[in-house]
file work.csv (CSV, C-alpha atoms)
chain,number,residue,atom,x,y,z
A,1,MET,CA,-122.3,55.0,-51.5
A,2,LYS,CA,-123.4,58.2,-53.1
A,3,PHE,CA,-124.6,61.4,-51.5
A,4,CYS,CA,-127.0,64.2,-52.4
A,5,SER,CA,-125.2,67.3,-53.7
A,6,ASN,CA,-128.0,69.5,-52.3
A,7,CYS,CA,-128.2,68.2,-48.7
A,8,ALA,CA,-125.3,65.6,-48.2
A,9,ALA,CA,-127.7,62.8,-47.2
A,10,PRO,CA,-127.2,59.4,-48.8
A,11,VAL,CA,-129.0,58.8,-52.1
A,12,VAL,CA,-130.6,55.5,-53.1
A,13,LYS,CA,-131.2,54.1,-56.6
A,14,ARG,CA,-134.9,53.6,-57.3
A,15,VAL,CA,-137.6,54.3,-59.8
A,16,PRO,CA,-139.3,57.6,-58.9
A,17,PRO,CA,-143.1,57.8,-59.2
A,18,GLY,CA,-144.2,58.3,-62.8
A,19,ASP,CA,-140.7,57.3,-64.1
A,20,SER,CA,-139.6,54.1,-65.8
A,21,LEU,CA,-135.9,54.0,-64.9
A,22,PRO,CA,-134.0,53.8,-61.6
A,23,ARG,CA,-132.4,57.1,-60.6
A,24,PHE,CA,-130.3,58.4,-57.7
A,25,VAL,CA,-133.0,59.8,-55.4
A,26,CYS,CA,-132.4,61.6,-52.1
A,27,GLU,CA,-134.8,60.3,-49.5
A,28,ASN,CA,-134.0,63.3,-47.3
A,29,CYS,CA,-134.8,66.3,-49.7
A,30,GLY,CA,-136.4,64.4,-52.6
A,31,GLU,CA,-134.0,65.6,-55.2
A,32,ILE,CA,-133.6,63.3,-58.2
A,33,HIS,CA,-130.1,63.2,-59.6
A,34,TYR,CA,-130.4,62.5,-63.3
A,35,GLN,CA,-127.4,61.3,-65.3
A,36,ASN,CA,-127.3,62.0,-69.0
A,37,PRO,CA,-124.9,61.4,-71.9
A,38,ARG,CA,-122.3,64.1,-72.6
A,39,LEU,CA,-121.4,65.6,-75.9
A,40,VAL,CA,-117.8,65.4,-77.2
A,41,VAL,CA,-117.4,68.1,-79.9
A,42,GLY,CA,-114.5,68.6,-82.3
A,43,CYS,CA,-113.6,69.2,-85.9
A,44,ILE,CA,-111.7,68.0,-88.9
A,45,PRO,CA,-109.2,70.8,-89.7
A,46,GLU,CA,-108.2,70.6,-93.4
A,47,PHE,CA,-105.3,72.3,-95.0
A,48,GLU,CA,-104.6,71.6,-98.7
A,49,HIS,CA,-106.0,68.1,-98.6
A,50,ARG,CA,-104.3,67.2,-95.4
A,51,VAL,CA,-106.0,66.8,-92.0
A,52,LEU,CA,-104.7,67.9,-88.6
A,53,LEU,CA,-104.4,65.2,-86.0
A,54,CYS,CA,-103.2,65.4,-82.4
A,55,ARG,CA,-101.3,62.7,-80.5
A,56,ARG,CA,-102.7,62.4,-77.0
A,57,ALA,CA,-100.7,63.3,-74.0
A,58,ILE,CA,-103.4,62.0,-71.6
A,59,GLU,CA,-105.3,58.8,-70.9
A,60,PRO,CA,-107.3,57.2,-72.2
A,61,ARG,CA,-105.4,56.3,-75.3
A,62,TYR,CA,-102.1,58.1,-74.4
A,63,GLY,CA,-99.9,58.3,-77.5
A,64,TYR,CA,-102.7,57.6,-80.0
A,65,TRP,CA,-103.8,60.1,-82.6
A,66,THR,CA,-107.2,61.9,-82.6
A,67,LEU,CA,-109.0,64.8,-84.1
A,68,PRO,CA,-109.1,67.8,-81.8
A,69,ALA,CA,-112.3,67.4,-79.6
A,70,GLY,CA,-113.4,67.4,-76.1
A,71,PHE,CA,-116.4,67.7,-73.7
A,72,MET,CA,-118.8,70.5,-74.6
A,73,GLU,CA,-119.1,72.9,-71.7
A,74,ASN,CA,-122.1,74.7,-70.2
A,75,ASP,CA,-122.8,78.2,-71.6
A,76,GLU,CA,-121.4,77.5,-75.0
A,77,THR,CA,-122.7,76.4,-78.4
A,78,ALA,CA,-121.6,73.2,-80.1
A,79,GLY,CA,-119.7,75.3,-82.6
A,80,GLN,CA,-117.9,77.3,-79.9
A,81,ALA,CA,-117.0,74.0,-78.2
A,82,ALA,CA,-115.4,72.8,-81.4
A,83,LEU,CA,-113.4,76.0,-81.8
A,84,ARG,CA,-112.3,76.0,-78.2
A,85,GLU,CA,-111.1,72.4,-78.2
A,86,THR,CA,-109.2,72.9,-81.4
A,87,ALA,CA,-107.5,75.9,-79.9
A,88,GLU,CA,-106.7,74.1,-76.6
A,89,GLU,CA,-105.5,70.8,-78.0
A,90,ALA,CA,-103.8,71.8,-81.3
A,91,GLY,CA,-103.3,75.6,-80.8
A,92,ALA,CA,-105.0,75.8,-84.2
A,93,ARG,CA,-107.2,78.5,-85.6
A,94,VAL,CA,-109.9,77.2,-87.9
A,95,GLU,CA,-112.9,78.5,-89.8
A,96,LEU,CA,-115.8,76.1,-88.9
A,97,GLY,CA,-118.0,74.6,-91.6
A,98,GLU,CA,-121.0,72.4,-91.4
A,99,PRO,CA,-121.5,69.5,-88.9
A,100,PHE,CA,-120.1,66.4,-90.6
A,101,SER,CA,-120.5,63.4,-88.3
A,102,MET,CA,-122.5,62.6,-85.2
A,103,LEU,CA,-122.0,59.2,-83.5
A,104,SER,CA,-123.8,57.8,-80.4
A,105,ILE,CA,-121.6,55.7,-78.1
A,106,PRO,CA,-124.1,54.3,-75.6
A,107,TYR,CA,-121.7,52.2,-73.7
A,108,ALA,CA,-119.7,55.3,-72.9
A,109,ASN,CA,-122.7,57.6,-72.4
A,110,GLN,CA,-121.4,60.0,-75.1
A,111,VAL,CA,-122.3,61.5,-78.4
A,112,HIS,CA,-119.4,62.6,-80.6
A,113,LEU,CA,-119.9,65.5,-83.0
A,114,PHE,CA,-117.4,66.6,-85.6
A,115,TYR,CA,-117.6,69.7,-87.8
A,116,ARG,CA,-115.8,70.3,-91.1
A,117,ALA,CA,-113.1,73.0,-90.7
A,118,ARG,CA,-110.5,75.0,-92.7
A,119,LEU,CA,-107.2,75.5,-91.0
A,120,LEU,CA,-106.5,79.3,-91.3
A,121,ASP,CA,-102.7,79.1,-91.0
A,122,LEU,CA,-99.8,76.7,-90.0
A,123,GLU,CA,-99.2,78.3,-86.6
A,124,PHE,CA,-100.6,75.3,-84.7
A,125,ARG,CA,-98.7,73.9,-81.7
A,126,PRO,CA,-99.6,71.1,-79.3
A,127,GLY,CA,-101.5,72.1,-76.1
A,128,ALA,CA,-101.0,70.6,-72.7
A,129,GLU,CA,-103.0,67.5,-73.5
A,130,THR,CA,-101.2,66.9,-76.8
A,131,LEU,CA,-97.8,65.4,-77.5
A,132,GLU,CA,-97.6,66.6,-81.1
A,133,ALA,CA,-99.9,68.0,-83.8
A,134,ALA,CA,-99.3,67.2,-87.4
A,135,LEU,CA,-101.0,67.3,-90.9
A,136,PHE,CA,-101.6,64.0,-92.7
A,137,GLU,CA,-102.5,63.3,-96.2
A,138,GLU,CA,-104.8,60.3,-96.7
A,139,SER,CA,-102.1,57.8,-97.5
A,140,LYS,CA,-100.2,58.7,-94.3
A,141,ILE,CA,-103.0,58.6,-91.8
A,142,PRO,CA,-101.9,56.3,-88.9
A,143,TRP,CA,-105.0,54.1,-89.1
A,144,LYS,CA,-103.7,51.6,-86.6
A,145,GLU,CA,-102.9,54.3,-84.0
A,146,ILE,CA,-106.2,56.2,-84.1
A,147,ALA,CA,-107.4,56.8,-80.5
A,148,PHE,CA,-111.2,56.3,-80.9
A,149,ARG,CA,-113.4,54.5,-83.4
A,150,SER,CA,-115.6,57.6,-83.8
A,151,VAL,CA,-112.5,59.4,-85.1
A,152,GLY,CA,-111.5,56.6,-87.4
A,153,LEU,CA,-115.0,56.4,-88.8
A,154,THR,CA,-115.2,60.2,-89.2
A,155,LEU,CA,-111.9,60.2,-91.1
A,156,LYS,CA,-113.0,57.3,-93.4
A,157,HIS,CA,-116.3,59.2,-94.3
A,158,TRP,CA,-114.4,62.5,-94.8
A,159,PHE,CA,-111.9,61.1,-97.3
A,160,ALA,CA,-114.6,59.1,-99.1
A,161,ASP,CA,-116.8,62.2,-99.3
A,162,ARG,CA,-113.9,64.3,-100.5
A,163,LYS,CA,-113.2,61.8,-103.3
A,164,ALA,CA,-116.9,61.8,-104.2
A,165,GLY,CA,-116.8,65.6,-104.4
A,166,ARG,CA,-119.6,66.1,-102.0
A,167,PHE,CA,-119.6,66.2,-98.2
A,168,GLY,CA,-122.7,64.8,-96.4
A,169,PHE,CA,-123.7,64.5,-92.8
A,170,HIS,CA,-123.0,61.1,-91.2
A,171,ALA,CA,-125.0,60.0,-88.2
A,172,GLY,CA,-124.7,56.6,-86.6
A,173,ASP,CA,-123.8,54.5,-83.6
A,174,ILE,CA,-120.7,52.9,-82.3
A,175,PRO,CA,-121.4,49.4,-80.9
A,176,PRO,CA,-119.4,48.0,-78.0
A,177,ALA,CA,-116.0,46.6,-79.0
A,178,LYS,CA,-116.0,42.9,-79.5
B,1,MET,CA,-124.0,75.2,-50.5
B,2,LYS,CA,-123.3,72.1,-52.6
B,3,PHE,CA,-121.9,68.8,-51.4
B,4,CYS,CA,-119.7,66.1,-52.9
B,5,SER,CA,-121.7,63.1,-54.2
B,6,ASN,CA,-118.7,60.8,-53.4
B,7,CYS,CA,-117.9,61.8,-49.8
B,8,ALA,CA,-120.6,64.3,-48.7
B,9,ALA,CA,-118.0,67.0,-47.9
B,10,PRO,CA,-118.8,70.6,-49.0
B,11,VAL,CA,-117.6,71.5,-52.5
B,12,VAL,CA,-116.1,74.9,-53.5
B,13,LYS,CA,-116.2,76.5,-57.0
B,14,ARG,CA,-112.7,77.2,-58.2
B,15,VAL,CA,-110.5,76.7,-61.2
B,16,PRO,CA,-108.6,73.3,-60.9
B,17,PRO,CA,-104.9,73.2,-61.8
B,18,GLY,CA,-104.5,73.0,-65.6
B,19,ASP,CA,-108.1,74.0,-66.2
B,20,SER,CA,-109.4,77.3,-67.4
B,21,LEU,CA,-113.0,77.4,-65.9
B,22,PRO,CA,-114.3,77.3,-62.4
B,23,ARG,CA,-115.7,73.9,-61.3
B,24,PHE,CA,-117.3,72.4,-58.3
B,25,VAL,CA,-114.3,70.8,-56.5
B,26,CYS,CA,-114.3,68.7,-53.4
B,27,GLU,CA,-111.5,69.8,-51.1
B,28,ASN,CA,-111.8,66.6,-49.1
B,29,CYS,CA,-111.6,63.9,-51.8
B,30,GLY,CA,-110.4,66.0,-54.8
B,31,GLU,CA,-113.3,65.0,-57.0
B,32,ILE,CA,-114.1,67.5,-59.7
B,33,HIS,CA,-117.9,67.7,-60.4
B,34,TYR,CA,-118.2,68.7,-64.1
B,35,GLN,CA,-121.4,70.1,-65.4
B,36,ASN,CA,-122.2,69.7,-69.1
B,37,PRO,CA,-125.0,70.5,-71.5
B,38,ARG,CA,-127.7,67.9,-72.0
B,39,LEU,CA,-129.1,66.5,-75.3
B,40,VAL,CA,-132.9,66.8,-75.8
B,41,VAL,CA,-133.8,64.4,-78.6
B,42,GLY,CA,-137.1,64.0,-80.5
B,43,CYS,CA,-138.6,63.7,-84.0
B,44,ILE,CA,-141.0,65.2,-86.5
B,45,PRO,CA,-143.6,62.4,-87.0
B,46,GLU,CA,-145.2,62.8,-90.5
B,47,PHE,CA,-148.4,61.2,-91.7
B,48,GLU,CA,-149.7,62.2,-95.2
B,49,HIS,CA,-148.2,65.7,-95.1
B,50,ARG,CA,-149.3,66.4,-91.6
B,51,VAL,CA,-147.1,66.5,-88.5
B,52,LEU,CA,-147.8,65.1,-85.0
B,53,LEU,CA,-147.6,67.6,-82.2
B,54,CYS,CA,-148.1,67.2,-78.5
B,55,ARG,CA,-149.8,69.7,-76.1
B,56,ARG,CA,-147.7,69.8,-72.9
B,57,ALA,CA,-149.2,68.6,-69.6
B,58,ILE,CA,-146.2,69.7,-67.6
B,59,GLU,CA,-144.1,72.8,-67.0
B,60,PRO,CA,-142.3,74.6,-68.5
B,61,ARG,CA,-144.8,75.7,-71.2
B,62,TYR,CA,-147.8,73.9,-69.9
B,63,GLY,CA,-150.6,73.9,-72.5
B,64,TYR,CA,-148.2,74.8,-75.4
B,65,TRP,CA,-147.6,72.5,-78.4
B,66,THR,CA,-144.3,70.7,-79.0
B,67,LEU,CA,-142.7,67.9,-81.1
B,68,PRO,CA,-142.3,64.7,-79.1
B,69,ALA,CA,-138.8,65.1,-77.4
B,70,GLY,CA,-137.0,64.7,-74.1
B,71,PHE,CA,-133.7,64.3,-72.4
B,72,MET,CA,-131.5,61.6,-73.8
B,73,GLU,CA,-130.7,58.9,-71.2
B,74,ASN,CA,-127.5,57.1,-70.4
B,75,ASP,CA,-127.1,53.7,-72.2
B,76,GLU,CA,-129.1,54.7,-75.2
B,77,THR,CA,-128.3,56.0,-78.7
B,78,ALA,CA,-129.8,59.4,-79.9
B,79,GLY,CA,-132.1,57.4,-82.3
B,80,GLN,CA,-133.3,55.2,-79.4
B,81,ALA,CA,-133.9,58.4,-77.3
B,82,ALA,CA,-136.1,59.8,-80.1
B,83,LEU,CA,-138.1,56.6,-80.4
B,84,ARG,CA,-138.6,56.3,-76.6
B,85,GLU,CA,-139.7,59.9,-76.2
B,86,THR,CA,-142.1,59.6,-79.1
B,87,ALA,CA,-143.6,56.5,-77.5
B,88,GLU,CA,-143.8,58.1,-74.0
B,89,GLU,CA,-145.2,61.5,-75.0
B,90,ALA,CA,-147.4,60.7,-77.9
B,91,GLY,CA,-147.9,56.9,-77.7
B,92,ALA,CA,-146.8,56.9,-81.3
B,93,ARG,CA,-144.9,54.3,-83.3
B,94,VAL,CA,-142.6,55.8,-85.9
B,95,GLU,CA,-139.9,54.8,-88.4
B,96,LEU,CA,-137.0,57.1,-87.8
B,97,GLY,CA,-135.3,58.8,-90.7
B,98,GLU,CA,-132.2,61.0,-90.9
B,99,PRO,CA,-131.3,63.7,-88.3
B,100,PHE,CA,-133.0,66.9,-89.4
B,101,SER,CA,-132.1,69.7,-87.0
B,102,MET,CA,-129.6,70.3,-84.3
B,103,LEU,CA,-129.8,73.5,-82.2
B,104,SER,CA,-127.5,74.7,-79.5
B,105,ILE,CA,-129.2,76.6,-76.7
B,106,PRO,CA,-126.3,77.8,-74.6
B,107,TYR,CA,-128.4,79.8,-72.1
B,108,ALA,CA,-130.2,76.6,-71.1
B,109,ASN,CA,-127.2,74.3,-71.4
B,110,GLN,CA,-129.0,72.1,-73.9
B,111,VAL,CA,-128.6,70.9,-77.5
B,112,HIS,CA,-131.9,69.9,-79.2
B,113,LEU,CA,-131.8,67.3,-81.9
B,114,PHE,CA,-134.8,66.3,-84.1
B,115,TYR,CA,-135.0,63.3,-86.6
B,116,ARG,CA,-137.3,63.0,-89.5
B,117,ALA,CA,-139.9,60.2,-88.9
B,118,ARG,CA,-142.8,58.5,-90.5
B,119,LEU,CA,-145.8,57.8,-88.3
B,120,LEU,CA,-146.6,54.0,-88.8
B,121,ASP,CA,-150.3,54.2,-87.8
B,122,LEU,CA,-152.9,56.4,-86.2
B,123,GLU,CA,-153.0,54.6,-82.9
B,124,PHE,CA,-151.2,57.4,-81.0
B,125,ARG,CA,-152.6,58.6,-77.7
B,126,PRO,CA,-151.2,61.2,-75.2
B,127,GLY,CA,-148.8,60.0,-72.5
B,128,ALA,CA,-148.7,61.2,-68.9
B,129,GLU,CA,-146.9,64.4,-69.9
B,130,THR,CA,-149.2,65.3,-72.8
B,131,LEU,CA,-152.7,66.8,-72.7
B,132,GLU,CA,-153.4,65.9,-76.3
B,133,ALA,CA,-151.6,64.7,-79.5
B,134,ALA,CA,-152.9,65.7,-82.9
B,135,LEU,CA,-151.8,65.9,-86.6
B,136,PHE,CA,-151.5,69.3,-88.2
B,137,GLU,CA,-151.2,70.3,-91.8
B,138,GLU,CA,-149.0,73.4,-92.4
B,139,SER,CA,-151.8,75.9,-92.5
B,140,LYS,CA,-153.2,74.7,-89.1
B,141,ILE,CA,-149.9,74.7,-87.1
B,142,PRO,CA,-150.6,76.7,-83.9
B,143,TRP,CA,-147.5,78.9,-84.5
B,144,LYS,CA,-148.3,81.3,-81.6
B,145,GLU,CA,-148.7,78.4,-79.2
B,146,ILE,CA,-145.5,76.5,-79.9
B,147,ALA,CA,-143.7,75.7,-76.6
B,148,PHE,CA,-140.0,76.2,-77.7
B,149,ARG,CA,-138.2,78.2,-80.3
B,150,SER,CA,-136.2,75.1,-81.3
B,151,VAL,CA,-139.5,73.4,-82.2
B,152,GLY,CA,-140.8,76.4,-84.2
B,153,LEU,CA,-137.6,76.7,-86.1
B,154,THR,CA,-137.5,73.0,-86.8
B,155,LEU,CA,-141.0,73.0,-88.1
B,156,LYS,CA,-140.3,76.1,-90.3
B,157,HIS,CA,-137.3,74.3,-91.9
B,158,TRP,CA,-139.3,71.1,-92.3
B,159,PHE,CA,-142.2,72.7,-94.2
B,160,ALA,CA,-139.7,74.8,-96.3
B,161,ASP,CA,-137.7,71.7,-97.2
B,162,ARG,CA,-140.8,69.7,-98.0
B,163,LYS,CA,-141.9,72.4,-100.4
B,164,ALA,CA,-138.4,72.5,-102.0
B,165,GLY,CA,-138.6,68.7,-102.4
B,166,ARG,CA,-135.3,68.1,-100.6
B,167,PHE,CA,-134.7,67.6,-96.8
B,168,GLY,CA,-131.4,68.9,-95.5
B,169,PHE,CA,-129.7,69.0,-92.1
B,170,HIS,CA,-130.1,72.2,-90.2
B,171,ALA,CA,-127.6,73.2,-87.5
B,172,GLY,CA,-127.7,76.4,-85.6
B,173,ASP,CA,-128.0,78.2,-82.3
B,174,ILE,CA,-130.9,79.7,-80.4
B,175,PRO,CA,-129.9,83.1,-78.8
B,176,PRO,CA,-131.4,84.2,-75.5
B,177,ALA,CA,-134.9,85.7,-75.9
B,178,LYS,CA,-134.9,89.5,-76.1

call {"tool": "encode", "arguments": {"input": "work.csv", "output": "structure tokens"}}
result
Amino acid sequence: MKFCSNCAAPVVKRVPPGDSLPRFVCENCGEIHYQNPRLVVGCIPEFEHRVLLCRRAIEPRYGYWTLPAGFMENDETAGQAALRETAEEAGARVELGEPFSMLSIPYANQVHLFYRARLLDLEFRPGAETLEAALFEESKIPWKEIAFRSVGLTLKHWFADRKAGRFGFHAGDIPPAK
Amino acid sequence: MKFCSNCAAPVVKRVPPGDSLPRFVCENCGEIHYQNPRLVVGCIPEFEHRVLLCRRAIEPRYGYWTLPAGFMENDETAGQAALRETAEEAGARVELGEPFSMLSIPYANQVHLFYRARLLDLEFRPGAETLEAALFEESKIPWKEIAFRSVGLTLKHWFADRKAGRFGFHAGDIPPAK
């Protein structure tokens, strides 16, 4: 059972008048509790043709490698979220470039957004949610130990674009795993 | 006062252990109720160099013109959200193109995302949240009656890119109004 965050009465799931989808509706105060996808924002920190990855110290995907990224917070821009997460997870200072990839993950109710970024120095150190942070050239990327498909796809596009000499913007969807 | 949606106990706003920002925390069951920005997704439906705008039948900005757009829902991709909102608000069928603009609006805890789109026919008709839907060429756009700055900025970029003969991807932030 779920409760109304405004008045603590039980909520029911039903289609409100004029709507087309079932929502959590409070039958006491009338509040409709919408649920919407969340943005996960990060970056691809580059240093002399290598990319900074973080090995996760938390679930899901403990021990797997990821790009620095996390849930965008209220009161910040997407770019500020990317900088904050990069500082928190990798202790890294970057100069942010253009958005590079945006991937909808409907089965997780998330949209993942990654910016290009230039690592400003080598003073990075893992944060509390990271076991280790390290730079990888393309041939050393641990492809079989990448935490999320959005990260693997972003890295594939990034190395392909770098080879082509031109970075684009890559939008797409991640289907459920088979 | 706010209540826990899991157990109906009162929640308090405090910084959880290991976190850096105050959250709504339930001191009964321990649940942390995060609040995150929402994605507003829409498109720029084009038909023979004109753009389809909708005059709002709802607040905020009742009576002002906007591009078809709305809150992305759980269980859908960003592209599906753009198609759904275009159908709901303008009764319009479009073929979606590439993402065109992405604007963070931190004071509203929103990110607005617009896709390029080609209107497939002229059978559009206003939905319940729209007073009227109409096609505008650039010189007829009601610039002083545009509902949201993200929409005005997207339209400016769109007409400028069309003139330049090349459509880019425009990311940025909308600062608070002066």

call {"tool": "residues_near_point", "arguments": {"input": "work.csv", "point": "(-150.9, 58.6, -79.8)", "cutoff": "12 Å", "atoms": "all atoms listed in the file", "output": "JSON, numbers by chain"}}
result
{"B": [45, 52, 53, 54, 55, 68, 85, 86, 87, 88, 89, 90, 91, 92, 93, 94, 119, 120, 121, 122, 123, 124, 125, 126, 127, 128, 130, 131, 132, 133, 134, 135]}

call {"tool": "interface_residues", "arguments": {"input": "work.csv", "of": "chain A", "to": "chain B", "cutoff": "7 Å", "atoms": "only C-alpha atoms", "output": "ChimeraX atom specification"}}
result
/A:2-8,35-38,72-78,104-107,109,173

call {"tool": "atom_distance", "arguments": {"input": "work.csv", "atom1": "CA of Glu48 in chain A", "atom2": "CA of Ala164 in chain A"}}
result
16.7 Å

call {"tool": "closest_residue", "arguments": {"input": "work.csv", "among": "A:Arg166, A:Lys178, A:Arg84, A:Arg118", "to": "Val51 in chain A", "atoms": "all atoms listed in the file"}}
result
A:Arg118

call {"tool": "residues_around", "arguments": {"input": "work.csv", "residues": "Lys144 in chain B", "least_positions_apart": "3", "cutoff": "10 Å", "atoms": "all atoms listed in the file", "output": "number ranges by chain"}}
result
B: 64-65, 141, 147, 152

call {"tool": "closest_residue", "arguments": {"input": "work.csv", "among": "A:Arg50, A:Arg116, A:Arg61, A:Lys163", "to": "Phe148 in chain A", "atoms": "only C-alpha atoms"}}
result
A:Arg61

call {"tool": "atom_distance", "arguments": {"input": "work.csv", "atom1": "CA of Ala177 in chain A", "atom2": "CA of Arg149 in chain A"}}
result
9.4 Å

call {"tool": "atom_distance", "arguments": {"input": "work.csv", "atom1": "CA of Val25 in chain A", "atom2": "CA of His112 in chain B"}}
result
25.9 Å

call {"tool": "residues_around", "arguments": {"input": "work.csv", "residues": "Val151 in chain A", "least_positions_apart": "4", "cutoff": "8 Å", "atoms": "all atoms listed in the file", "output": "MDAnalysis selection string"}}
result
chainID A and resid 66:67 146:147 155

call {"tool": "closest_residue", "arguments": {"input": "work.csv", "among": "B:Arg14, B:Glu138, B:Gly42, B:Tyr62", "to": "Ser150 in chain B", "atoms": "all atoms listed in the file"}}
result
B:Gly42

call {"tool": "closest_residue", "arguments": {"input": "work.csv", "among": "A:Asp161, A:Glu59, A:Asp19, A:Glu46", "to": "Leu96 in chain A", "atoms": "all atoms listed in the file"}}
result
A:Glu46

call {"tool": "decode", "arguments": {"input": "work.csv", "residues": "range 26-44 of chain A", "atoms": "N, CA and C atoms", "output": "short mmCIF file (atom, residue, chain, number, x, y, z; two decimals), in the first residue's frame"}}
result
data_model
loop_
_atom_site.label_atom_id
_atom_site.label_comp_id
_atom_site.auth_asym_id
_atom_site.auth_seq_id
_atom_site.Cartn_x
_atom_site.Cartn_y
_atom_site.Cartn_z
N CYS A 26 -4.76 10.39 -4.43
CA CYS A 26 -5.25 10.41 -3.05
C CYS A 26 -6.74 10.70 -3.07
N GLU A 27 -7.53 9.79 -2.52
CA GLU A 27 -8.98 10.01 -2.54
C GLU A 27 -9.41 10.88 -1.37
N ASN A 28 -8.47 11.20 -0.47
CA ASN A 28 -8.78 12.13 0.60
C ASN A 28 -8.59 13.58 0.15
N CYS A 29 -7.36 13.92 -0.29
CA CYS A 29 -7.08 15.33 -0.64
C CYS A 29 -7.08 15.57 -2.15
N GLY A 30 -7.15 14.52 -2.96
CA GLY A 30 -7.24 14.70 -4.42
C GLY A 30 -5.90 14.81 -5.12
N GLU A 31 -4.82 14.88 -4.37
CA GLU A 31 -3.49 15.02 -4.98
C GLU A 31 -3.19 13.84 -5.91
N ILE A 32 -2.64 14.17 -7.10
CA ILE A 32 -2.20 13.14 -8.04
C ILE A 32 -0.68 13.05 -7.95
N HIS A 33 -0.18 11.87 -7.62
CA HIS A 33 1.27 11.70 -7.43
C HIS A 33 1.87 11.11 -8.71
N TYR A 34 2.33 12.01 -9.59
CA TYR A 34 2.93 11.59 -10.86
C TYR A 34 4.29 10.96 -10.60
N GLN A 35 4.66 10.02 -11.49
CA GLN A 35 5.99 9.43 -11.45
C GLN A 35 6.60 9.59 -12.83
N ASN A 36 7.80 10.12 -12.88
CA ASN A 36 8.43 10.44 -14.16
C ASN A 36 9.85 9.90 -14.20
N PRO A 37 10.36 9.71 -15.43
CA PRO A 37 11.75 9.21 -15.56
C PRO A 37 12.74 10.19 -14.95
N ARG A 38 13.89 9.64 -14.56
CA ARG A 38 14.94 10.48 -14.01
C ARG A 38 16.12 10.56 -14.98
N LEU A 39 16.80 11.69 -14.94
CA LEU A 39 18.00 11.90 -15.75
C LEU A 39 19.23 11.46 -14.98
N VAL A 40 20.05 10.63 -15.62
CA VAL A 40 21.37 10.27 -15.12
C VAL A 40 22.38 11.00 -16.01
N VAL A 41 23.21 11.85 -15.41
CA VAL A 41 24.08 12.72 -16.21
C VAL A 41 25.54 12.49 -15.83
N GLY A 42 26.39 12.43 -16.84
CA GLY A 42 27.81 12.22 -16.59
C GLY A 42 28.64 12.75 -17.73
N CYS A 43 29.90 12.34 -17.78
CA CYS A 43 30.76 12.80 -18.86
C CYS A 43 31.79 11.74 -19.24
N ILE A 44 32.50 12.03 -20.31
CA ILE A 44 33.55 11.16 -20.84
C ILE A 44 34.85 11.95 -20.70
#
